[in-house]
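> Below is the file run-v8.cif, with mmCIF, C-alpha atoms.
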```
data_structure
#
loop_
_atom_site.label_atom_id
_atom_site.label_comp_id
_atom_site.auth_asym_id
_atom_site.auth_seq_id
_atom_site.Cartn_x
_atom_site.Cartn_y
_atom_site.Cartn_z
CA MET B 1 24.91 16.91 17.38
CA PRO B 2 28.19 18.82 17.47
CA ASP B 3 29.30 17.43 14.09
CA GLU B 4 26.62 19.50 12.42
CA THR B 5 27.50 22.69 14.30
CA ARG B 6 29.15 25.47 12.33
CA ALA B 7 29.70 29.19 12.53
CA ILE B 8 26.91 31.57 11.57
CA PRO B 9 26.91 31.97 7.82
CA PRO B 10 25.35 35.00 6.29
CA ALA B 11 21.54 35.10 6.19
CA PRO B 12 19.39 33.40 5.03
CA GLU B 13 21.43 30.19 5.64
CA ALA B 14 21.93 31.30 9.25
CA LEU B 15 18.21 31.17 9.76
CA ASP B 16 18.07 27.44 8.96
CA VAL B 17 21.06 26.66 11.12
CA TYR B 18 19.37 28.55 13.94
CA LEU B 19 16.05 26.77 13.30
CA ASP B 20 17.87 23.44 13.32
CA GLY B 21 19.07 24.28 16.83
CA LEU B 22 22.67 23.93 15.77
CA LEU B 23 23.86 27.34 16.91
CA GLU B 24 25.71 27.39 20.21
CA GLY B 25 27.55 29.83 22.40
CA ALA B 26 28.73 33.04 20.76
CA ASP B 27 27.17 32.12 17.41
CA LEU B 28 23.80 31.74 19.04
CA GLU B 29 24.13 35.00 20.93
CA ALA B 30 25.14 36.83 17.76
CA PHE B 31 22.15 35.49 15.85
CA GLU B 32 19.75 36.38 18.65
CA ALA B 33 21.20 39.87 18.73
CA ALA B 34 20.69 40.16 14.99
CA MET B 35 17.15 38.97 15.41
CA ALA B 36 16.47 41.54 18.11
CA ALA B 37 17.73 44.27 15.81
CA ASP B 38 15.98 43.04 12.65
CA PRO B 39 12.17 42.80 12.89
CA ALA B 40 11.99 41.13 9.47
CA LEU B 41 14.36 38.36 10.58
CA ARG B 42 12.38 38.00 13.80
CA ALA B 43 9.16 37.73 11.82
CA GLU B 44 10.71 35.14 9.52
CA VAL B 45 11.70 32.99 12.49
CA GLU B 46 8.25 33.38 13.99
CA LEU B 47 6.57 32.44 10.71
CA GLN B 48 8.71 29.30 10.43
CA ARG B 49 7.86 28.34 14.00
CA ARG B 50 4.18 28.67 13.23
CA ILE B 51 4.57 26.60 10.08
CA ASP B 52 6.43 23.95 12.09
CA ALA B 53 3.71 24.00 14.72
CA ALA B 54 1.06 23.56 12.03
CA LEU B 55 3.00 20.61 10.58
CA ARG B 56 3.35 18.99 13.99
CA ARG B 57 -0.37 19.50 14.63
CA HIS B 58 -1.46 18.10 11.32
CA PHE B 59 1.06 15.27 11.26
CA ALA B 60 0.70 14.25 14.89
CA LEU B 61 1.89 10.67 15.17
CA PRO B 62 -0.81 8.05 15.60
CA GLU B 63 -0.72 5.33 18.22
CA ALA B 64 1.96 2.77 17.56
CA PRO B 65 0.50 0.40 15.00
CA ALA B 66 -0.02 -3.16 16.17
CA LEU B 67 1.90 -5.44 13.91
CA HIS B 68 0.22 -8.79 13.54
CA PRO B 69 2.61 -11.05 11.69
CA PRO B 70 0.81 -13.87 9.93
CA ALA B 71 1.49 -17.27 11.39
CA ALA B 72 4.57 -18.98 10.08
CA GLY B 73 3.73 -20.86 6.93
CA ALA B 74 0.71 -18.69 6.23
CA GLY B 75 0.12 -17.75 2.64
CA SER B 76 1.58 -14.75 0.93
CA ARG B 77 -0.06 -11.38 1.38
CA TYR B 78 -0.83 -11.64 -2.31
CA TRP B 79 -3.52 -14.09 -1.27
CA ASN B 80 -5.75 -11.62 0.52
CA THR B 81 -9.41 -12.36 1.19
CA PRO B 82 -10.91 -11.26 -2.15
CA ARG B 83 -8.25 -13.15 -4.09
CA LEU B 84 -8.70 -16.23 -1.93
CA LEU B 85 -12.47 -16.10 -2.45
CA ALA B 86 -12.04 -15.66 -6.19
CA ALA B 87 -9.55 -18.54 -6.36
CA ALA B 88 -11.85 -20.75 -4.26
CA ALA B 89 -14.80 -19.86 -6.50
CA ILE B 90 -12.81 -20.70 -9.64
CA ILE B 91 -11.60 -24.00 -8.17
CA LEU B 92 -15.14 -24.91 -7.10
CA LEU B 93 -16.50 -23.94 -10.51
CA VAL B 94 -13.91 -26.00 -12.37
CA ALA B 95 -14.39 -28.94 -9.99
CA GLY B 96 -18.17 -28.63 -10.34
CA ILE B 97 -18.05 -28.53 -14.12
CA THR B 98 -15.64 -31.50 -14.17
CA ILE B 99 -17.79 -33.57 -11.81
CA PHE B 100 -20.97 -32.60 -13.64
CA GLY B 101 -19.44 -33.54 -16.99
CA LEU B 102 -18.08 -36.81 -15.59
CA VAL B 103 -21.41 -37.78 -14.06
CA ARG B 104 -23.25 -36.85 -17.24
CA TYR B 105 -20.77 -38.92 -19.21
CA ILE B 106 -21.26 -41.91 -16.93
CA ALA B 107 -25.03 -41.39 -16.90
CA ALA B 108 -25.12 -41.38 -20.69
CA ASP B 109 -23.78 -44.94 -20.66
CA HIS B 110 -26.75 -46.22 -18.63
CA PRO B 111 -28.95 -48.60 -20.77
CA LEU B 112 -32.18 -46.64 -20.27
CA VAL B 113 -30.53 -43.30 -20.97
CA ARG B 114 -28.75 -44.74 -23.97
CA VAL B 115 -32.04 -46.04 -25.41
CA TYR B 116 -33.74 -42.71 -24.89
CA ARG B 117 -30.93 -40.61 -26.36
CA THR B 118 -30.28 -42.94 -29.27
CA GLU B 119 -33.90 -42.97 -30.35
CA VAL B 120 -34.23 -39.22 -29.92
CA ALA B 121 -31.03 -38.71 -31.90
CA ARG B 122 -32.44 -40.91 -34.66
CA GLY B 123 -35.53 -38.72 -34.82
CA LEU B 124 -37.98 -41.16 -33.15
CA LYS B 125 -38.31 -43.55 -36.07
CA PRO B 126 -40.51 -46.45 -34.93
CA ALA B 127 -40.05 -50.07 -36.01
CA TRP B 128 -43.77 -50.69 -35.69
CA VAL B 129 -46.74 -48.39 -35.91
CA CYS B 130 -50.22 -49.26 -34.62
CA ASP B 131 -52.99 -47.14 -36.06
CA THR B 132 -55.82 -48.74 -34.09
CA ASP B 133 -56.43 -50.35 -30.69
CA GLU B 134 -56.81 -53.65 -32.45
CA GLN B 135 -53.40 -53.37 -34.07
CA LEU B 136 -51.89 -52.45 -30.69
CA GLY B 137 -53.61 -55.34 -28.96
CA ALA B 138 -52.40 -57.73 -31.64
CA TYR B 139 -48.85 -56.41 -31.44
CA LEU B 140 -48.64 -56.90 -27.67
CA GLU B 141 -50.50 -60.20 -27.68
CA ASP B 142 -48.08 -61.47 -30.27
CA LYS B 143 -45.12 -60.46 -28.04
CA TYR B 144 -46.44 -61.25 -24.57
CA GLY B 145 -49.64 -63.25 -24.95
CA ARG B 146 -51.73 -60.38 -23.55
CA GLY B 147 -52.76 -56.96 -24.81
CA LEU B 148 -53.12 -53.37 -23.60
CA THR B 149 -54.79 -50.27 -24.91
CA VAL B 150 -53.61 -46.70 -24.66
CA ARG B 151 -55.62 -43.51 -24.90
CA GLY B 152 -54.29 -40.45 -26.64
CA GLY B 153 -54.99 -36.92 -25.48
CA ASP B 154 -54.30 -33.26 -26.05
CA GLY B 155 -50.61 -32.65 -26.54
CA ILE B 156 -49.86 -36.36 -26.80
CA ASP B 157 -48.49 -37.58 -30.11
CA ILE B 158 -48.13 -41.36 -30.18
CA ILE B 159 -45.40 -42.13 -32.69
CA GLY B 160 -44.93 -45.89 -32.59
CA TRP B 161 -42.97 -48.80 -31.17
CA THR B 162 -39.39 -49.88 -30.97
CA SER B 163 -37.66 -52.36 -28.68
CA CYS B 164 -34.81 -52.60 -26.23
CA THR B 165 -33.32 -55.08 -23.79
CA ALA B 166 -33.83 -53.12 -20.57
CA LEU B 167 -35.96 -55.84 -18.90
CA SER B 168 -35.73 -58.74 -21.29
CA PRO B 169 -34.73 -59.33 -24.90
CA TYR B 170 -38.31 -58.45 -25.80
CA THR B 171 -38.98 -55.17 -24.00
CA ALA B 172 -41.27 -52.98 -26.14
CA VAL B 173 -40.83 -49.23 -26.14
CA LEU B 174 -43.69 -46.90 -27.02
CA MET B 175 -42.33 -43.61 -28.32
CA THR B 176 -44.46 -40.49 -27.98
CA ARG B 177 -44.15 -36.75 -27.82
CA VAL B 178 -45.89 -34.95 -24.97
CA ASP B 179 -46.11 -31.24 -25.63
CA GLY B 180 -43.21 -31.73 -28.02
CA GLU B 181 -40.97 -33.58 -25.55
CA PRO B 182 -40.05 -37.20 -26.27
CA VAL B 183 -41.60 -39.49 -23.64
CA PHE B 184 -41.16 -43.28 -23.79
CA VAL B 185 -43.03 -46.13 -22.12
CA LEU B 186 -41.22 -49.45 -21.70
CA VAL B 187 -43.56 -52.44 -21.65
CA ASP B 188 -42.76 -56.03 -20.66
CA LEU B 189 -44.10 -58.95 -18.74
CA LEU B 190 -44.25 -58.49 -14.97
CA ALA B 191 -42.29 -61.74 -14.69
CA SER B 192 -39.39 -60.06 -16.49
CA ASP B 193 -39.39 -57.03 -14.19
CA ARG B 194 -36.26 -56.12 -12.35
CA ASP B 195 -35.10 -53.16 -10.36
CA LEU B 196 -34.68 -50.29 -12.80
CA SER B 197 -33.33 -46.93 -11.78
CA LEU B 198 -31.77 -43.95 -13.48
CA PRO B 199 -28.33 -42.55 -12.70
CA TRP B 200 -27.88 -39.15 -11.07
CA LEU B 201 -27.90 -36.18 -13.44
CA SER B 202 -29.35 -38.21 -16.32
CA GLY B 203 -31.90 -35.47 -16.87
CA LEU B 204 -34.66 -38.10 -17.03
CA HIS B 205 -37.29 -39.48 -14.67
CA LEU B 206 -38.63 -43.03 -14.43
CA PHE B 207 -42.16 -43.98 -13.24
CA ARG B 208 -43.53 -47.54 -12.86
CA ARG B 209 -46.92 -49.15 -13.07
CA GLU B 210 -48.16 -52.78 -13.03
CA LEU B 211 -51.16 -53.63 -15.17
CA GLY B 212 -52.71 -57.01 -15.99
CA GLY B 213 -49.55 -59.06 -15.58
CA MET B 214 -47.51 -56.41 -17.39
CA VAL B 215 -45.09 -53.82 -16.08
CA LEU B 216 -44.81 -50.33 -17.58
CA TYR B 217 -42.04 -47.80 -17.08
CA GLU B 218 -42.50 -44.20 -18.24
CA LEU B 219 -39.13 -42.72 -19.20
CA THR B 220 -39.54 -38.98 -19.42
CA PRO B 221 -37.74 -35.66 -18.99
CA ARG B 222 -40.88 -34.39 -17.24
CA ALA B 223 -41.23 -34.35 -13.48
CA ALA B 224 -44.52 -36.33 -13.49
CA PRO B 225 -45.85 -39.24 -15.53
CA VAL B 226 -48.37 -38.51 -18.25
CA LEU B 227 -48.85 -41.77 -20.08
CA LEU B 228 -48.98 -44.55 -17.48
CA ASP B 229 -52.59 -43.86 -16.48
CA ARG B 230 -53.61 -43.87 -20.14
CA PHE B 231 -52.87 -47.58 -20.45
CA ALA B 232 -55.69 -50.04 -19.75
CA GLU B 233 -56.45 -53.73 -20.17
CA PRO B 234 -58.43 -54.46 -23.27
CA PRO B 235 -62.10 -55.15 -22.81
CA PRO B 236 -63.01 -58.83 -22.59
CA ARG B 237 -63.66 -60.33 -25.93
CA GLY B 238 -67.28 -60.95 -26.43
CA MET F 1 14.16 8.52 18.20
CA SER F 2 17.86 8.08 18.65
CA GLU F 3 20.23 7.90 15.76
CA SER F 4 21.04 4.27 16.44
CA ASP F 5 17.41 3.35 15.88
CA SER F 6 17.39 4.23 12.23
CA SER F 7 20.88 3.13 11.35
CA ARG F 8 21.19 -0.02 13.41
CA ASP F 9 22.84 -2.94 11.76
CA TYR F 10 20.72 -6.02 12.23
CA GLY F 11 23.46 -8.34 11.11
CA SER F 12 24.65 -11.41 12.93
CA PRO F 13 27.58 -11.14 15.28
CA PRO F 14 30.99 -11.47 13.60
CA GLY F 15 31.95 -15.03 12.92
CA GLN F 16 28.35 -16.25 12.78
CA PRO F 17 26.62 -17.02 9.53
CA ARG F 18 24.12 -14.49 8.30
CA GLY F 19 20.55 -15.63 8.20
CA VAL F 20 17.06 -14.38 7.61
CA LEU F 21 15.44 -12.21 10.25
CA THR F 22 12.90 -14.08 12.33
CA ARG F 23 9.43 -12.58 12.50
CA ALA F 24 10.05 -11.65 16.13
CA GLU F 25 13.26 -9.83 15.20
CA PHE F 26 11.44 -8.12 12.38
CA ALA F 27 8.62 -7.05 14.71
CA ALA F 28 11.16 -5.62 17.17
CA GLY F 29 12.92 -3.73 14.37
CA PHE F 30 9.60 -2.45 13.06
CA ASP F 31 8.66 -1.19 16.52
CA ARG F 32 11.84 0.87 16.58
CA CYS F 33 11.38 2.50 13.20
CA TRP F 34 7.64 2.74 12.57
CA LYS F 35 7.61 6.49 13.25
CA THR F 36 10.15 7.08 10.52
CA LEU F 37 8.17 4.84 8.18
CA TRP F 38 4.97 6.70 9.01
CA CYS F 39 6.72 9.97 8.16
CA VAL F 40 7.90 8.55 4.84
CA ALA F 41 4.32 7.50 4.04
CA ALA F 42 2.90 10.86 5.09
CA GLY F 43 5.63 12.64 3.14
CA VAL F 44 4.97 10.75 -0.08
CA LEU F 45 1.21 11.08 0.26
CA GLY F 46 1.34 14.67 1.52
CA ASP F 47 -1.37 13.67 3.95
CA ARG F 48 -1.67 11.68 7.12
CA THR F 49 -4.98 9.96 6.54
CA GLN F 50 -3.66 6.91 4.72
CA ALA F 51 -0.15 6.90 6.17
CA GLU F 52 -0.93 4.32 8.83
CA ASP F 53 -2.58 1.98 6.33
CA VAL F 54 0.40 2.33 4.01
CA VAL F 55 2.83 1.45 6.80
CA GLN F 56 0.76 -1.59 7.79
CA GLU F 57 0.53 -2.74 4.19
CA ALA F 58 4.25 -2.25 3.72
CA ALA F 59 4.99 -4.19 6.92
CA LEU F 60 2.98 -7.14 5.66
CA ILE F 61 4.74 -7.03 2.31
CA ALA F 62 8.08 -6.84 4.11
CA MET F 63 7.24 -9.90 6.19
CA ASP F 64 6.56 -11.81 3.00
CA LYS F 65 9.91 -10.67 1.61
CA LEU F 66 12.05 -11.14 4.70
CA HIS F 67 14.22 -13.56 2.78
CA GLU F 68 15.17 -10.68 0.47
CA PHE F 69 16.48 -8.55 3.35
CA ASP F 70 20.19 -8.71 4.02
CA PRO F 71 20.55 -8.61 7.81
CA GLY F 72 23.84 -6.80 7.38
CA THR F 73 22.07 -3.75 5.98
CA ASN F 74 19.79 -1.05 7.36
CA LEU F 75 16.33 -2.40 8.14
CA THR F 76 14.81 1.08 8.35
CA ALA F 77 16.08 2.00 4.89
CA TRP F 78 14.84 -1.31 3.45
CA LEU F 79 11.41 -0.81 5.01
CA ALA F 80 11.34 2.85 3.95
CA ARG F 81 11.83 1.78 0.33
CA ILE F 82 8.85 -0.56 0.59
CA VAL F 83 6.77 2.11 2.33
CA ARG F 84 7.63 4.61 -0.38
CA ASN F 85 6.58 2.22 -3.14
CA VAL F 86 3.31 1.35 -1.40
CA ALA F 87 2.63 5.04 -0.74
CA LEU F 88 3.30 5.91 -4.38
CA ASN F 89 0.79 3.24 -5.43
CA HIS F 90 -1.77 4.70 -3.02
CA ALA F 91 -1.05 8.18 -4.35
CA ARG F 92 -1.60 6.99 -7.93
CA ARG F 93 -4.90 5.37 -7.00
CA ARG F 94 -5.95 8.49 -5.14
CA LYS F 95 -5.06 10.63 -8.14
CA LEU F 96 -7.28 8.43 -10.28
CA GLU F 97 -10.11 8.72 -7.78
CA ARG F 98 -9.64 12.46 -7.71
CA THR F 99 -10.04 12.58 -11.46
CA TRP F 100 -13.42 10.97 -11.11
CA ALA F 101 -14.35 13.22 -8.23
CA ALA F 102 -13.18 16.38 -9.96
CA ALA F 103 -16.66 17.82 -10.21
CA ALA F 104 -17.32 17.37 -6.51
CA ARG F 105 -14.00 18.95 -5.65
CA GLN F 106 -14.66 21.94 -7.84
CA SER F 107 -17.98 22.36 -6.10
CA ALA F 108 -16.29 22.29 -2.71
CA ALA F 109 -13.66 24.75 -3.90
CA ALA F 110 -16.40 27.24 -4.62
CA ASN F 111 -16.98 27.45 -0.87
CA PRO F 112 -13.53 27.09 0.73
CA PRO F 113 -13.45 26.61 4.52
CA ARG F 114 -12.64 29.72 6.48
CA PRO F 115 -9.30 29.75 8.27
CA ASP F 116 -9.48 29.20 12.00
CA PRO F 117 -8.98 32.71 13.45
CA ALA F 118 -7.66 31.18 16.67
CA ARG F 119 -4.57 30.03 14.78
CA ALA F 120 -2.05 32.37 13.25
CA ILE F 121 -1.69 30.15 10.17
CA ASP F 122 -4.38 27.92 8.80
CA ASP F 123 -3.28 24.29 8.74
CA GLU F 124 -4.99 23.69 5.42
CA GLN F 125 -2.90 26.40 3.79
CA VAL F 126 0.25 24.87 5.24
CA ILE F 127 -0.73 21.44 3.90
CA SER F 128 -1.63 22.96 0.58
CA ALA F 129 1.79 24.63 0.36
CA LEU F 130 3.45 21.42 1.55
CA ASN F 131 1.89 19.53 -1.31
CA THR F 132 3.60 21.78 -3.85
CA LEU F 133 6.96 20.33 -2.74
CA SER F 134 8.54 17.18 -4.13
CA GLU F 135 7.77 14.01 -2.20
CA THR F 136 11.42 13.72 -1.09
CA ALA F 137 11.45 17.32 0.16
CA ARG F 138 8.15 16.73 2.00
CA THR F 139 9.46 13.55 3.56
CA CYS F 140 12.72 15.16 4.67
CA LEU F 141 10.88 18.15 6.12
CA LEU F 142 8.41 15.99 8.05
CA MET F 143 11.15 13.74 9.40
CA ARG F 144 13.06 16.79 10.56
CA THR F 145 10.11 18.77 11.92
CA VAL F 146 7.72 16.13 13.25
CA LEU F 147 10.21 13.48 14.39
CA ASP F 148 13.12 15.83 15.08
CA LEU F 149 15.45 13.42 13.29
CA SER F 150 18.99 14.56 12.57
CA TYR F 151 20.08 14.94 8.97
CA LYS F 152 22.22 11.82 9.38
CA GLU F 153 19.21 9.83 10.47
CA ILE F 154 17.12 11.17 7.60
CA ALA F 155 19.93 10.38 5.19
CA ALA F 156 20.27 6.82 6.50
CA ALA F 157 16.55 6.12 6.25
CA LEU F 158 16.16 7.56 2.77
CA GLU F 159 19.54 6.41 1.50
CA ILE F 160 20.59 9.89 0.39
CA PRO F 161 23.57 12.04 1.45
CA ALA F 162 23.09 14.04 4.64
CA GLY F 163 23.86 17.26 2.77
CA THR F 164 21.08 16.48 0.33
CA ALA F 165 18.66 15.86 3.18
CA MET F 166 19.63 19.19 4.75
CA SER F 167 19.28 20.98 1.44
CA HIS F 168 15.81 19.49 0.95
CA VAL F 169 14.73 20.67 4.41
CA HIS F 170 16.11 24.17 4.03
CA ARG F 171 14.59 24.68 0.60
CA ALA F 172 11.27 23.24 1.76
CA ARG F 173 11.15 25.63 4.71
CA ALA F 174 11.89 28.60 2.48
CA ALA F 175 9.23 27.51 -0.01
CA LEU F 176 6.62 27.19 2.73
CA ARG F 177 7.51 30.58 4.17
CA ASP F 178 7.27 32.13 0.71
CA ALA F 179 3.89 30.55 0.16
CA LEU F 180 2.50 31.47 3.55
CA ARG F 181 4.03 34.87 4.18
CA SER F 182 1.02 36.63 2.76
CA GLN F 183 -1.31 34.43 4.83
CA ALA F 184 0.02 35.53 8.23
CA PRO F 185 -2.56 37.73 9.95
CA LEU F 186 -1.78 41.37 10.34
CA ALA F 187 -3.26 41.48 13.81
CA ASP F 188 -0.34 39.70 15.44
CA GLY F 189 2.08 42.36 14.42
CA LEU F 190 3.98 40.15 11.97
CA GLY F 191 2.23 41.05 8.81
CA GLY F 192 4.17 44.21 8.14
CA GLN F 193 7.48 42.56 8.92
CA LEU F 194 7.22 39.44 6.77
CA GLY F 195 8.61 40.99 3.67
CA ARG F 196 11.87 39.10 3.80
CA GLY F 197 12.69 37.33 0.56
CA ASN F 198 9.73 38.86 -1.18
CA PRO F 199 10.88 41.52 -3.58
CA ALA F 200 7.30 42.58 -4.29
#
```
Now that the file is in, can you turn its structure into structure tokens?


Amino acid sequence: MPDETRAIPPAPEALDVYLDGLLEGADLEAFEAAMAADPALRAEVELQRRIDAALRRHFALPEAPALHPPAAGAGSRYWNTPRLLAAAAIILLVAGITIFGLVRYIAADHPLVRVYRTEVARGLKPAWVCDTDEQLGAYLEDKYGRGLTVRGGDGIDIIGWTSCTALSPYTAVLMTRVDGEPVFVLVDLLASDRDLSLPWLSGLHLFRRELGGMVLYELTPRAAPVLLDRFAEPPPRG
Amino acid sequence: MSESDSSRDYGSPPGQPRGVLTRAEFAAGFDRCWKTLWCVAAGVLGDRTQAEDVVQEAALIAMDKLHEFDPGTNLTAWLARIVRNVALNHARRRKLERTWAAAARQSAAANPPRPDPARAIDDEQVISALNTLSETARTCLLMRTVLDLSYKEIAAALEIPAGTAMSHVHRARAALRDALRSQAPLADGLGGQLGRGNPA
């Protein structure tokens, strides 16, 4: 690097030029002679060499790093793994909420679900109330030509009857509360029965029973039926 | 490292349109200058432990921004700017972590490690003195001492005048000698002679 070579300036600048290895020929000899004559200068050079050695030790170069360029067209480095996972989670969450809401919206339009929610929203106000087995038998016989009885029980609050068109224009709906939850039983002639099912995510369950030429469907938010087994045919008239 | 490595023009031949570096060209350029970049990272951080990570991170950022690089300019200088920014971010984060770990550090300081008697100067003291310098001075000194780069090469990589690079190195050396003069062991015969520049 001859362009950086220059004559020995007075100390201490000469020391740096010497340390940079830029002294040559007579300049170098003169500096080395000065060093030999000046123990302090010699010590200064030695100290700097030890500092340099310490720096080289501590900052020893690592192995050449392997550069792994992402494939062409790969996403920006901004999209590292945590960000990708977070973005994926947000997308899944939004998609899940959207699908859930859509399905719930569609489910709410199902006839059985609509009947259940409408009556619950109205506060379970029956169109007909039977206080005795006889009144119940008469009500059903009047509608279908045959009667049924239903037993109450602990936690079961039989509220009364309304109607819907789930099976026929004359489907009767018994509204009850079981442990405070609204539970309905749809009653109609077996001849009017058709395939009933609930949509996904309606939040309701449907259970079926046939009894004495009648068909009963328990429409309930509970996982198991409570009321179907409480229905019975009326005793023969004697 | 030769001078041409750090100051090479990656531009297209005359008469041909300039374009964006391909990833292969970038990788080849990175291979030529990674030592300089590592020194920049170590210089800014004042430590070697995270320097490699910083260079890798900077390389990935650079690959994402290849379209911003003008092939007619100095790739090493462009990468060094990115490395410096990434290293400064690391340094800020580390400073924050240190704030939280202040109690632990104070505890450790109560029992400082003993200097290695086999070495004339303890490396930790050198690093400690090094960290009192500005990040530019540290970087210049490391590039000169560890990589043996010329002042022109340092100047090209850091985009500063060569005279400034030289001045940084000379002042950094003097500062380290001042800081460590009293640390040199007496047993090697230097202790009584290292009074240069120390009026006391």

> Which residues match the PyMOL selection byres ((chain B) within 6 of (chain F)) in the file above, as a PyMOL selection string?

chain B and resi 40+43+54+56

> Could you tell me how far atom CA of Leu174 of chain B lies from atom CA of Glu218 of chain B, in Å and to one decimal?

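Atom-to-atom, atom CA of Leu174 of chain B and atom CA of Glu218 of chain B are spaced 9.3 Å apart.
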
> Neighbours of segment 135-137 of chain B within 10 Å (only C-alpha atoms; same-chain residues fewer than 5 positions away dropped), as a ChimeraX atom specification?

/B:128-130,142-143,145-150,160-161,233-234

> Keeping only C-alpha atoms, take the residues you just selected and write them out as a PDB file, keeping the file's coordinate frame.


```pdb
ATOM      1  CA  TRP B 128     -43.770 -50.690 -35.690  1.00  0.00           C
ATOM      2  CA  VAL B 129     -46.740 -48.390 -35.910  1.00  0.00           C
ATOM      3  CA  CYS B 130     -50.220 -49.260 -34.620  1.00  0.00           C
ATOM      4  CA  ASP B 142     -48.080 -61.470 -30.270  1.00  0.00           C
ATOM      5  CA  LYS B 143     -45.120 -60.460 -28.040  1.00  0.00           C
ATOM      6  CA  GLY B 145     -49.640 -63.250 -24.950  1.00  0.00           C
ATOM      7  CA  ARG B 146     -51.730 -60.380 -23.550  1.00  0.00           C
ATOM      8  CA  GLY B 147     -52.760 -56.960 -24.810  1.00  0.00           C
ATOM      9  CA  LEU B 148     -53.120 -53.370 -23.600  1.00  0.00           C
ATOM     10  CA  THR B 149     -54.790 -50.270 -24.910  1.00  0.00           C
ATOM     11  CA  VAL B 150     -53.610 -46.700 -24.660  1.00  0.00           C
ATOM     12  CA  GLY B 160     -44.930 -45.890 -32.590  1.00  0.00           C
ATOM     13  CA  TRP B 161     -42.970 -48.800 -31.170  1.00  0.00           C
ATOM     14  CA  GLU B 233     -56.450 -53.730 -20.170  1.00  0.00           C
ATOM     15  CA  PRO B 234     -58.430 -54.460 -23.270  1.00  0.00           C
TER      16      PRO B 234
END
```

> Excluding Val86 of chain F and its own-chain neighbours fewer than 4 positions away, which residues fall within 7 Å of it when counting only C-alpha atoms? Please give them as an MDAnalysis selection string.

chainID F and resid 54 58 82 90

> Contacts of Thr165 of chain B at 12 Å or less, counting all atoms listed in the file, minus same-chain residues fewer than 2 places along, as number ranges by chain?

B: 111-112, 114-115, 162-163, 167-173, 186-188, 192-194

> Fewer than 3 positions away in the same chain doesn't count, so skip those; otherwise give me all residues within 10 Å of Trp78 of chain F, counting all atoms listed in the file, as a list in words.

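Selected residues are Ala62, Glu68, Phe69, Asp70, Thr73, Asn74, Leu75, Arg81, Ile82, Val83, Ala157, Leu158 and Glu159 of chain F.
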
> Quick one: distance from atom CA of Phe100 of chain B to atom CA of Ala166 of chain B in Å, one decimal?

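Atom CA of Phe100 of chain B sits 25.2 Å away from atom CA of Ala166 of chain B.
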
> At a cut-off of 12 Å, using all atoms listed in the file, what residues contact Val45 of chain B? Leave out same-chain residues fewer than 4 positions from it and give the result as a JSON list (two decimals) with C-alpha atoms, keeping the file's coordinate frame.


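What ended up in around_16.json:
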```json
[["chain", "number", "residue", "atom", "x", "y", "z"],
["B", 11, "ALA", "CA", 21.54, 35.10, 6.19],
["B", 12, "PRO", "CA", 19.39, 33.40, 5.03],
["B", 14, "ALA", "CA", 21.93, 31.30, 9.25],
["B", 15, "LEU", "CA", 18.21, 31.17, 9.76],
["B", 16, "ASP", "CA", 18.07, 27.44, 8.96],
["B", 17, "VAL", "CA", 21.06, 26.66, 11.12],
["B", 18, "TYR", "CA", 19.37, 28.55, 13.94],
["B", 19, "LEU", "CA", 16.05, 26.77, 13.30],
["B", 20, "ASP", "CA", 17.87, 23.44, 13.32],
["B", 31, "PHE", "CA", 22.15, 35.49, 15.85],
["B", 32, "GLU", "CA", 19.75, 36.38, 18.65],
["B", 34, "ALA", "CA", 20.69, 40.16, 14.99],
["B", 35, "MET", "CA", 17.15, 38.97, 15.41],
["B", 36, "ALA", "CA", 16.47, 41.54, 18.11],
["B", 38, "ASP", "CA", 15.98, 43.04, 12.65],
["B", 39, "PRO", "CA", 12.17, 42.80, 12.89],
["B", 40, "ALA", "CA", 11.99, 41.13, 9.47],
["B", 41, "LEU", "CA", 14.36, 38.36, 10.58],
["B", 49, "ARG", "CA", 7.86, 28.34, 14.00],
["B", 50, "ARG", "CA", 4.18, 28.67, 13.23],
["B", 51, "ILE", "CA", 4.57, 26.60, 10.08],
["B", 52, "ASP", "CA", 6.43, 23.95, 12.09],
["F", 173, "ARG", "CA", 11.15, 25.63, 4.71],
["F", 174, "ALA", "CA", 11.89, 28.60, 2.48],
["F", 177, "ARG", "CA", 7.51, 30.58, 4.17],
["F", 181, "ARG", "CA", 4.03, 34.87, 4.18],
["F", 190, "LEU", "CA", 3.98, 40.15, 11.97],
["F", 193, "GLN", "CA", 7.48, 42.56, 8.92],
["F", 194, "LEU", "CA", 7.22, 39.44, 6.77],
["F", 196, "ARG", "CA", 11.87, 39.10, 3.80]]
```

> When you draw a straight line from atom CA of Gly123 of chain B to atom CA of Thr220 of chain B, how long is it in Å?

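Those two atoms sit 15.9 Å apart.
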
> Got a sec to resolve the PyMOL selection byres ((chain B and resi 204-207) around 8) on this structure and send the residues as a PyMOL selection string?

chain B and resi 113+197-198+201-203+208-209+217-225

> Using only C-alpha atoms, can you tell me which of B:Gly152, B:Gly96, B:Pro199, B:Gly213 comes closest to Arg177 of chain B?

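When distances to Arg177 of chain B are compared using only C-alpha atoms, the smallest one comes from B:Gly152.
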
> Could you tell me which of F:Gln50, F:Thr76, F:Ser134, F:Asn89 comes closest to Arg32 of chain F if we count only C-alpha atoms?

F:Thr76
